[in-house]
file work_13.txt (compact mmCIF, C-alpha atoms and all ligand atoms)
# COMPACT_ATOMS: atom_id res chain seq x y z
CA MET A 147 79.27 83.78 68.29
CA SER A 148 78.29 87.41 67.73
CA PRO A 149 80.66 89.78 65.90
CA SER A 150 81.33 91.75 69.10
CA ARG A 151 82.32 88.54 70.88
CA ARG A 152 84.82 87.85 68.16
CA ARG A 153 86.77 90.97 69.07
CA LEU A 154 87.11 90.28 72.79
CA VAL A 155 90.64 90.17 74.18
CA GLY A 156 91.78 88.99 77.60
CA GLY A 157 94.24 90.61 79.97
CA LEU A 158 95.87 89.02 83.02
CA ASP A 159 97.85 90.94 85.62
CA LEU A 160 99.99 88.49 87.56
CA GLY A 161 100.91 89.79 91.01
CA GLY A 162 102.54 88.18 94.01
CA THR A 163 99.22 87.84 95.85
CA LYS A 164 96.52 88.02 93.19
CA ILE A 165 95.75 87.60 89.52
CA GLN A 166 93.48 90.27 88.05
CA ALA A 167 91.69 89.31 84.84
CA VAL A 168 89.70 91.51 82.43
CA LEU A 169 88.07 91.19 79.03
CA LEU A 170 88.11 94.21 76.71
CA ASP A 171 85.75 94.66 73.78
CA GLY A 172 86.55 96.26 70.42
CA ARG A 173 86.07 99.69 71.94
CA ARG A 174 88.62 98.87 74.63
CA SER A 175 85.98 98.91 77.37
CA VAL A 176 86.12 96.42 80.23
CA VAL A 177 83.23 93.99 79.71
CA ALA A 178 84.14 91.51 82.48
CA GLN A 179 86.57 91.21 85.36
CA ALA A 180 87.61 88.51 87.81
CA ARG A 181 90.22 88.12 90.50
CA ARG A 182 91.89 85.01 91.94
CA PRO A 183 94.67 84.44 94.45
CA THR A 184 98.15 83.71 93.10
CA PRO A 185 99.29 80.24 94.24
CA GLN A 186 101.81 80.49 97.07
CA LYS A 187 103.21 76.97 96.64
CA GLY A 188 104.30 74.74 93.78
CA GLY A 189 106.05 75.83 90.62
CA PRO A 190 105.63 77.31 87.15
CA GLN A 191 102.87 74.88 86.15
CA ASP A 192 100.77 75.97 89.13
CA VAL A 193 101.17 79.60 88.10
CA LEU A 194 100.09 78.78 84.54
CA GLU A 195 97.06 76.82 85.75
CA ALA A 196 96.01 79.69 88.04
CA LEU A 197 96.30 82.11 85.09
CA ALA A 198 94.20 79.78 82.91
CA ASP A 199 91.60 79.50 85.72
CA ALA A 200 91.42 83.29 86.05
CA LEU A 201 90.94 83.55 82.29
CA ALA A 202 88.22 80.88 82.32
CA GLU A 203 86.46 82.70 85.14
CA VAL A 204 86.46 86.10 83.44
CA CYS A 205 85.32 84.46 80.18
CA SER A 206 82.40 82.77 81.93
CA GLU A 207 81.35 86.23 83.21
CA ALA A 208 80.93 87.25 79.57
CA ALA A 209 79.54 83.87 78.44
CA VAL A 210 82.43 83.26 76.06
CA GLU A 211 85.04 80.50 75.84
CA PRO A 212 88.77 81.34 76.23
CA ARG A 213 89.45 79.79 72.80
CA GLU A 214 86.99 82.28 71.24
CA LEU A 215 89.12 85.26 72.31
CA THR A 216 91.36 87.03 69.80
CA GLY A 217 94.10 86.47 72.33
CA VAL A 218 95.24 87.09 75.87
CA GLY A 219 98.01 89.29 77.22
CA ILE A 220 99.85 88.73 80.48
CA GLY A 221 101.61 91.34 82.57
CA SER A 222 104.21 89.54 84.67
CA PRO A 223 106.92 90.38 87.17
CA GLY A 224 110.43 89.10 86.49
CA VAL A 225 112.69 89.23 83.46
CA ILE A 226 110.67 88.92 80.27
CA ASP A 227 111.78 87.40 77.01
CA ALA A 228 108.78 88.72 75.06
CA ARG A 229 109.82 87.04 71.80
CA ARG A 230 110.07 83.55 73.31
CA GLY A 231 107.26 84.25 75.78
CA VAL A 232 109.32 83.09 78.74
CA VAL A 233 109.56 84.71 82.17
CA THR A 234 112.48 84.13 84.53
CA GLY A 235 113.56 85.45 87.89
CA ALA A 236 110.08 86.27 89.25
CA ARG A 237 111.03 85.63 92.86
CA ASN A 238 107.63 86.56 94.27
CA LEU A 239 106.06 83.61 92.47
CA PRO A 240 106.16 79.90 93.37
CA GLY A 241 109.16 78.17 91.81
CA GLU A 242 111.52 80.91 93.02
CA GLY A 243 112.31 82.40 89.69
CA ALA A 244 112.33 79.17 87.61
CA PRO A 245 111.50 79.82 83.94
CA ILE A 246 107.78 80.01 83.18
CA ARG A 247 106.81 79.25 79.56
CA MET A 248 104.14 81.88 79.75
CA THR A 249 102.79 82.12 76.20
CA ALA A 250 103.18 78.45 75.21
CA GLY A 251 101.75 77.31 78.55
CA LEU A 252 98.69 79.55 78.30
CA ARG A 253 98.10 78.52 74.70
CA GLU A 254 98.13 74.85 75.74
CA LEU A 255 95.83 75.38 78.74
CA ALA A 256 93.42 77.97 77.35
CA GLY A 257 93.56 77.39 73.60
CA THR A 258 94.18 81.02 72.69
CA ARG A 259 97.13 83.10 71.50
CA ALA A 260 99.10 84.59 74.37
CA TYR A 261 101.50 87.53 74.72
CA VAL A 262 103.58 88.58 77.69
CA ASP A 263 105.44 91.65 78.88
CA ASN A 264 106.58 93.29 82.10
CA ASP A 265 103.75 94.15 84.50
CA VAL A 266 104.87 97.74 85.04
CA THR A 267 105.48 98.34 81.32
CA VAL A 268 101.94 97.24 80.43
CA GLY A 269 100.42 99.20 83.33
CA VAL A 270 102.16 102.37 82.18
CA TRP A 271 101.09 101.69 78.59
CA ALA A 272 97.46 101.39 79.71
CA GLU A 273 97.71 104.84 81.33
CA TYR A 274 99.09 106.17 78.04
CA ALA A 275 96.46 104.49 75.86
CA LEU A 276 93.40 104.69 78.08
CA GLY A 277 94.19 106.51 81.33
CA ALA A 278 95.83 109.53 82.92
CA ALA A 279 98.29 110.26 80.09
CA ARG A 280 95.95 109.88 77.09
CA ARG A 281 96.93 113.19 75.52
CA SER A 282 100.68 112.85 76.07
CA LYS A 283 103.29 111.75 73.57
CA ALA A 284 105.95 111.19 76.22
CA LEU A 285 105.48 109.99 79.74
CA LEU A 286 107.26 108.50 82.71
CA GLY A 287 105.33 106.02 84.84
CA VAL A 288 106.41 105.71 88.45
CA TRP A 289 105.05 102.51 90.01
CA TRP A 290 105.45 102.95 93.75
CA GLY A 291 104.92 99.62 95.49
CA THR A 292 107.05 96.82 96.96
CA GLY A 293 109.77 98.16 94.70
CA VAL A 294 109.81 101.28 92.56
CA GLY A 295 109.10 100.33 88.97
CA GLY A 296 109.23 102.60 85.99
CA GLY A 297 107.85 102.74 82.49
CA ILE A 298 108.70 105.13 79.67
CA VAL A 299 106.70 106.06 76.59
CA LEU A 300 108.52 108.24 74.04
CA GLY A 301 107.03 109.46 70.75
CA GLY A 302 103.99 107.26 71.35
CA LYS A 303 106.02 104.07 71.80
CA PRO A 304 107.20 102.21 74.86
CA TRP A 305 110.94 102.63 75.38
CA GLU A 306 112.37 99.36 76.63
CA GLY A 307 116.01 99.88 75.70
CA ARG A 308 117.64 96.48 75.28
CA GLY A 309 114.96 95.07 77.58
CA ALA A 310 115.94 96.62 80.88
CA ALA A 311 115.10 100.31 80.46
CA ALA A 312 113.07 102.38 82.91
CA GLU A 313 114.50 100.79 86.06
CA LEU A 314 113.70 103.97 87.92
CA GLY A 315 114.00 102.22 91.29
CA HIS A 316 117.72 101.76 90.71
CA VAL A 317 118.48 105.34 89.80
CA VAL A 318 120.97 106.52 92.44
CA VAL A 319 119.61 109.23 94.73
CA LYS A 320 122.48 109.09 97.23
CA ILE A 321 126.09 108.09 96.53
CA GLY A 322 127.13 105.40 99.02
CA GLY A 323 123.64 105.51 100.52
CA ALA A 324 121.32 102.83 101.91
CA ARG A 325 121.71 99.23 100.76
CA CYS A 326 119.17 98.33 98.07
CA THR A 327 117.49 94.94 97.63
CA CYS A 328 119.49 94.72 94.37
CA GLY A 329 122.71 94.68 96.41
CA ARG A 330 123.88 98.14 95.34
CA ARG A 331 123.82 101.33 97.38
CA GLY A 332 121.84 104.53 97.29
CA CYS A 333 119.12 103.43 94.84
CA LEU A 334 115.74 105.19 94.94
CA GLU A 335 114.14 101.85 95.83
CA ALA A 336 116.32 101.55 98.95
CA TYR A 337 114.47 104.60 100.30
CA ALA A 338 111.04 104.41 98.70
CA GLY A 339 110.33 100.72 97.98
CA ARG A 340 107.76 99.29 100.38
CA GLY A 341 110.03 96.27 100.90
CA SER A 342 112.99 98.45 101.94
CA MET A 343 110.75 100.65 104.07
CA GLU A 344 109.50 97.55 105.89
CA ILE A 345 113.06 96.36 106.63
CA ARG A 346 113.87 99.82 107.98
CA ALA A 347 110.65 99.96 110.04
CA ARG A 348 111.45 96.57 111.63
CA GLN A 349 114.95 97.80 112.58
CA MET A 350 113.55 100.97 114.11
CA HIS A 351 110.89 98.99 115.98
CA ARG A 352 113.56 96.66 117.41
CA ARG A 353 115.62 99.64 118.52
CA GLY A 354 112.68 100.93 120.54
CA HIS A 355 111.10 103.52 118.23
CA LYS A 356 107.41 103.83 119.01
CA THR A 357 105.22 102.62 116.16
CA ASP A 358 101.82 100.99 115.64
CA LEU A 359 102.74 99.71 112.16
CA PHE A 360 103.12 96.12 113.32
CA LYS A 361 100.04 96.23 115.57
CA ILE A 362 97.98 97.40 112.60
CA MET A 363 99.55 94.67 110.46
CA GLU A 364 98.67 91.94 112.96
CA LYS A 365 95.16 93.24 113.52
CA ARG A 366 94.60 92.85 109.78
CA GLY A 367 95.94 89.29 109.83
CA ARG A 368 98.92 90.30 107.67
CA THR A 369 102.55 89.32 107.94
CA ARG A 370 103.87 92.16 105.77
CA LEU A 371 103.40 95.92 105.82
CA GLN A 372 100.94 96.18 102.93
CA SER A 373 99.96 99.57 101.48
CA GLY A 374 96.78 99.67 103.58
CA VAL A 375 98.85 99.30 106.77
CA TRP A 376 100.99 102.31 105.83
CA GLU A 377 97.87 104.30 104.94
CA ARG A 378 96.29 103.56 108.32
CA ALA A 379 99.48 104.37 110.25
CA LEU A 380 99.86 107.68 108.38
CA ALA A 381 96.25 108.57 109.14
CA GLN A 382 97.04 108.33 112.85
CA ASN A 383 100.38 110.18 112.51
CA ASP A 384 102.50 107.20 113.51
CA PRO A 385 106.00 108.69 113.91
CA VAL A 386 107.92 105.86 112.21
CA ALA A 387 105.45 105.68 109.30
CA VAL A 388 105.58 109.47 108.86
CA GLU A 389 109.40 109.55 108.98
CA LEU A 390 109.84 106.71 106.48
CA ILE A 391 107.19 108.00 104.07
CA ASP A 392 108.69 111.51 104.22
CA ARG A 393 112.05 110.00 103.35
CA ALA A 394 110.45 108.01 100.51
CA VAL A 395 108.77 111.13 99.09
CA GLU A 396 112.07 113.06 99.18
CA ALA A 397 113.84 110.21 97.38
CA LEU A 398 111.03 109.95 94.80
CA GLY A 399 111.33 113.69 94.19
CA ALA A 400 115.05 113.37 93.48
CA GLY A 401 114.70 110.24 91.34
CA VAL A 402 111.74 111.48 89.30
CA GLY A 403 113.31 114.93 88.93
CA SER A 404 116.52 113.40 87.59
CA ALA A 405 114.60 111.21 85.15
CA VAL A 406 112.62 114.23 83.94
CA ASN A 407 115.88 116.17 83.42
CA LEU A 408 117.01 113.31 81.20
CA LEU A 409 113.80 112.64 79.27
CA ASP A 410 111.81 115.91 79.42
CA VAL A 411 108.47 114.05 79.37
CA GLU A 412 105.14 115.90 79.32
CA THR A 413 103.53 113.75 81.97
CA VAL A 414 104.56 111.75 85.02
CA VAL A 415 102.01 109.17 86.17
CA ILE A 416 102.20 107.87 89.73
CA GLY A 417 100.79 104.35 90.15
CA GLY A 418 101.65 101.09 91.89
CA GLY A 419 100.17 99.65 95.07
CA LEU A 420 101.33 102.36 97.45
CA GLY A 421 100.99 105.22 94.94
CA THR A 422 97.41 104.26 94.11
CA ARG A 423 96.53 103.69 97.77
CA LEU A 424 97.93 107.00 99.06
CA GLY A 425 96.44 108.86 96.11
CA GLU A 426 96.29 112.55 95.15
CA PRO A 427 97.79 114.15 98.29
CA TYR A 428 100.96 112.13 97.80
CA VAL A 429 101.07 112.78 94.07
CA GLU A 430 101.14 116.46 94.99
CA ARG A 431 103.85 115.85 97.59
CA ILE A 432 106.02 113.98 95.07
CA ARG A 433 105.51 116.84 92.60
CA GLU A 434 106.67 119.35 95.22
CA ALA A 435 109.65 117.17 96.14
CA MET A 436 110.59 116.94 92.44
CA MET A 437 110.53 120.70 91.76
CA PRO A 438 113.86 121.67 93.40
CA HIS A 439 115.63 119.04 91.26
CA LEU A 440 114.24 120.18 87.90
CA PHE A 441 116.62 121.92 85.54
CA ALA A 442 113.87 123.38 83.30
CA ASP A 443 111.74 124.31 86.28
CA ASP A 444 109.75 126.95 84.43
CA ARG A 445 107.87 124.23 82.55
CA PRO A 446 107.52 121.19 84.79
CA PRO A 447 105.70 118.09 83.53
CA ALA A 448 102.16 117.35 84.70
CA VAL A 449 102.25 114.87 87.58
CA ARG A 450 99.10 112.76 87.73
CA LEU A 451 97.70 109.84 89.64
CA ALA A 452 97.17 106.67 87.59
CA ALA A 453 93.54 106.73 86.48
CA LEU A 454 92.81 103.06 85.89
CA GLY A 455 93.37 101.88 89.45
CA ASP A 456 93.53 98.15 90.15
CA LEU A 457 92.47 97.19 86.62
CA GLY A 458 95.21 99.13 84.79
CA GLY A 459 97.71 96.28 84.73
CA ALA A 460 95.22 93.78 83.30
CA MET A 461 93.92 96.34 80.76
CA GLY A 462 97.48 97.06 79.64
CA ALA A 463 98.13 93.33 79.32
CA ALA A 464 95.06 93.01 77.07
CA LEU A 465 96.54 95.75 74.84
CA LEU A 466 99.48 93.40 74.09
CA VAL A 467 97.11 91.46 71.80
CA PRO A 468 97.83 92.82 68.29
CA SER A 469 94.24 93.17 67.09
CA THR A 470 93.33 95.74 69.73
CA ALA A 471 92.87 99.29 68.46
CA ALA A 472 95.30 100.60 71.10
CA ALA A 473 97.67 97.66 70.74
CA ARG A 474 101.29 98.52 71.17
CA SER A 475 103.47 98.82 68.12
CA THR A 476 106.86 97.74 69.33
ZN ZN B 1 118.94 98.95 93.54
call {"tool": "encode", "arguments": {"input": "work_13.txt", "output": "structure tokens"}}
result
Amino acid sequence: MSPSRRRLVGGLDLGGTKIQAVLLDGRRSVVAQARRPTPQKGGPQDVLEALADALAEVCSEAAVEPRELTGVGIGSPGVIDARRGVVTGARNLPGEGAPIRMTAGLRELAGTRAYVDNDVTVGVWAEYALGAARRSKALLGVWWGTGVGGGIVLGGKPWEGRGAAAELGHVVVKIGGARCTCGRRGCLEAYAGRGSMEIRARQMHRRGHKTDLFKIMEKRGRTRLQSGVWERALAQNDPVAVELIDRAVEALGAGVGSAVNLLDVETVVIGGGLGTRLGEPYVERIREAMMPHLFADDRPPAVRLAALGDLGGAMGAALLVPSTAAARST
């Protein structure tokens, strides 16, 4: 084993549809990547085996064994007990939220030390350490996807509160407003989350509003309105897609503006499936929608698109491994 091999760390980004794996070297560069589907049936053990398979695959790309890694980090949805390495309540994964012994399970299957944290938190950290917010001390990450996730870095450290901080999606943008997937009313996510937007689009479609959203979805062999479906519909000025995205952008402006009033961060990074897919023009639109809500509007924060794209989550997960130069000090 060469000395450079010895410093390799693994990162796994566990999503509802895919697992993205990367290996980082001592200079925090991606030396290998692999992607596998997330199992759609079974339970926690199936999830763990799929993670171990993804790790084995990315290791074989770099001709190294998983047990030779310094460690592996996992970015996971759900409620994370980072100290015990257990994930619960990840309803997009098989097992319907049953506890997953993430770190112990990976150690047993792959023979390497494992660390776990929230997928959005690690993705935002990667943008701070290696991406769009490299020169910032304080940032707010806005992960616009199925839900609206958030991540906060203050004074060069992730701010996780008592474990549930940065739930930007559940900041209230309208008192008594639309019902959120969390059961409450008026949350940002109820207007801007792709899941909520899909529910609303289906209602509008049933009530006779003209839209090609579901035609585009079916043509692509999908059953859900994925980010690419929204992108396509917007490109052809589909009236329902335009109306719902406009509403989402307005809500994001209010939610992000309120968070900036509270935190006064230097940088806001827009990421997530939909944010990354829609890209710069929508980052600019969110910035414009934020401006009227800013208290200190003479010095607004920079609003930037996440720079690491699809690999950011896995890279951030790799940074959970303590030996890494950019490892988080929590
Ligand atoms: Zn909510």
call {"tool": "closest_atom_pairs", "arguments": {"input": "work_13.txt", "of": "segment 168-279 of chain A", "to": "segment 407-427 of chain A", "cutoff": "10 Å", "atoms": "only C-alpha atoms", "output": "JSON lines"}}
result
{"residue": "A:Val266", "atom": "CA", "partner": "A:Gly418", "partner_atom": "CA", "distance": 8.3}
{"residue": "A:Gly269", "atom": "CA", "partner": "A:Gly417", "partner_atom": "CA", "distance": 8.6}
{"residue": "A:Val270", "atom": "CA", "partner": "A:Val415", "partner_atom": "CA", "distance": 7.9}
{"residue": "A:Glu273", "atom": "CA", "partner": "A:Val415", "partner_atom": "CA", "distance": 7.8}
{"residue": "A:Tyr274", "atom": "CA", "partner": "A:Val415", "partner_atom": "CA", "distance": 9.1}
{"residue": "A:Gly277", "atom": "CA", "partner": "A:Val415", "partner_atom": "CA", "distance": 9.6}
{"residue": "A:Ala278", "atom": "CA", "partner": "A:Val415", "partner_atom": "CA", "distance": 7.0}
{"residue": "A:Ala279", "atom": "CA", "partner": "A:Thr413", "partner_atom": "CA", "distance": 6.6}
call {"tool": "closest_residue", "arguments": {"input": "work_13.txt", "among": "A:Gly217, A:Gly231, A:Gly293, A:Gly403", "to": "ligand ZN 1 (chain B)", "atoms": "only C-alpha atoms and all ligand atoms"}}
result
A:Gly293
call {"tool": "atom_distance", "arguments": {"input": "work_13.txt", "atom1": "atom CA of Leu334 of chain A", "atom2": "atom CA of Ile298 of chain A"}}
result
16.8 Å
call {"tool": "residues_near_ligand", "arguments": {"input": "work_13.txt", "ligand": "ligand ZN 1 (chain B)", "cutoff": "9 Å", "atoms": "all atoms listed in the file", "output": "PDB file with C-alpha atoms, in the frame of the given file"}}
result
ATOM      1  CA  GLU A 313     114.500 100.790  86.060  1.00  0.00           C
ATOM      2  CA  GLY A 315     114.000 102.220  91.290  1.00  0.00           C
ATOM      3  CA  HIS A 316     117.720 101.760  90.710  1.00  0.00           C
ATOM      4  CA  VAL A 317     118.480 105.340  89.800  1.00  0.00           C
ATOM      5  CA  VAL A 318     120.970 106.520  92.440  1.00  0.00           C
ATOM      6  CA  ARG A 325     121.710  99.230 100.760  1.00  0.00           C
ATOM      7  CA  CYS A 326     119.170  98.330  98.070  1.00  0.00           C
ATOM      8  CA  THR A 327     117.490  94.940  97.630  1.00  0.00           C
ATOM      9  CA  CYS A 328     119.490  94.720  94.370  1.00  0.00           C
ATOM     10  CA  GLY A 329     122.710  94.680  96.410  1.00  0.00           C
ATOM     11  CA  ARG A 330     123.880  98.140  95.340  1.00  0.00           C
ATOM     12  CA  ARG A 331     123.820 101.330  97.380  1.00  0.00           C
ATOM     13  CA  GLY A 332     121.840 104.530  97.290  1.00  0.00           C
ATOM     14  CA  CYS A 333     119.120 103.430  94.840  1.00  0.00           C
ATOM     15  CA  LEU A 334     115.740 105.190  94.940  1.00  0.00           C
ATOM     16  CA  GLU A 335     114.140 101.850  95.830  1.00  0.00           C
ATOM     17  CA  ALA A 336     116.320 101.550  98.950  1.00  0.00           C
TER      18      ALA A 336
END
call {"tool": "closest_residue", "arguments": {"input": "work_13.txt", "among": "A:Glu434, A:Asp384, A:Asp265, A:Glu364", "to": "Leu398 of chain A", "atoms": "all atoms listed in the file"}}
result
A:Glu434
call {"tool": "atom_distance", "arguments": {"input": "work_13.txt", "atom1": "atom CA of Arg153 of chain A", "atom2": "atom CA of Leu215 of chain A"}}
result
7.0 Å
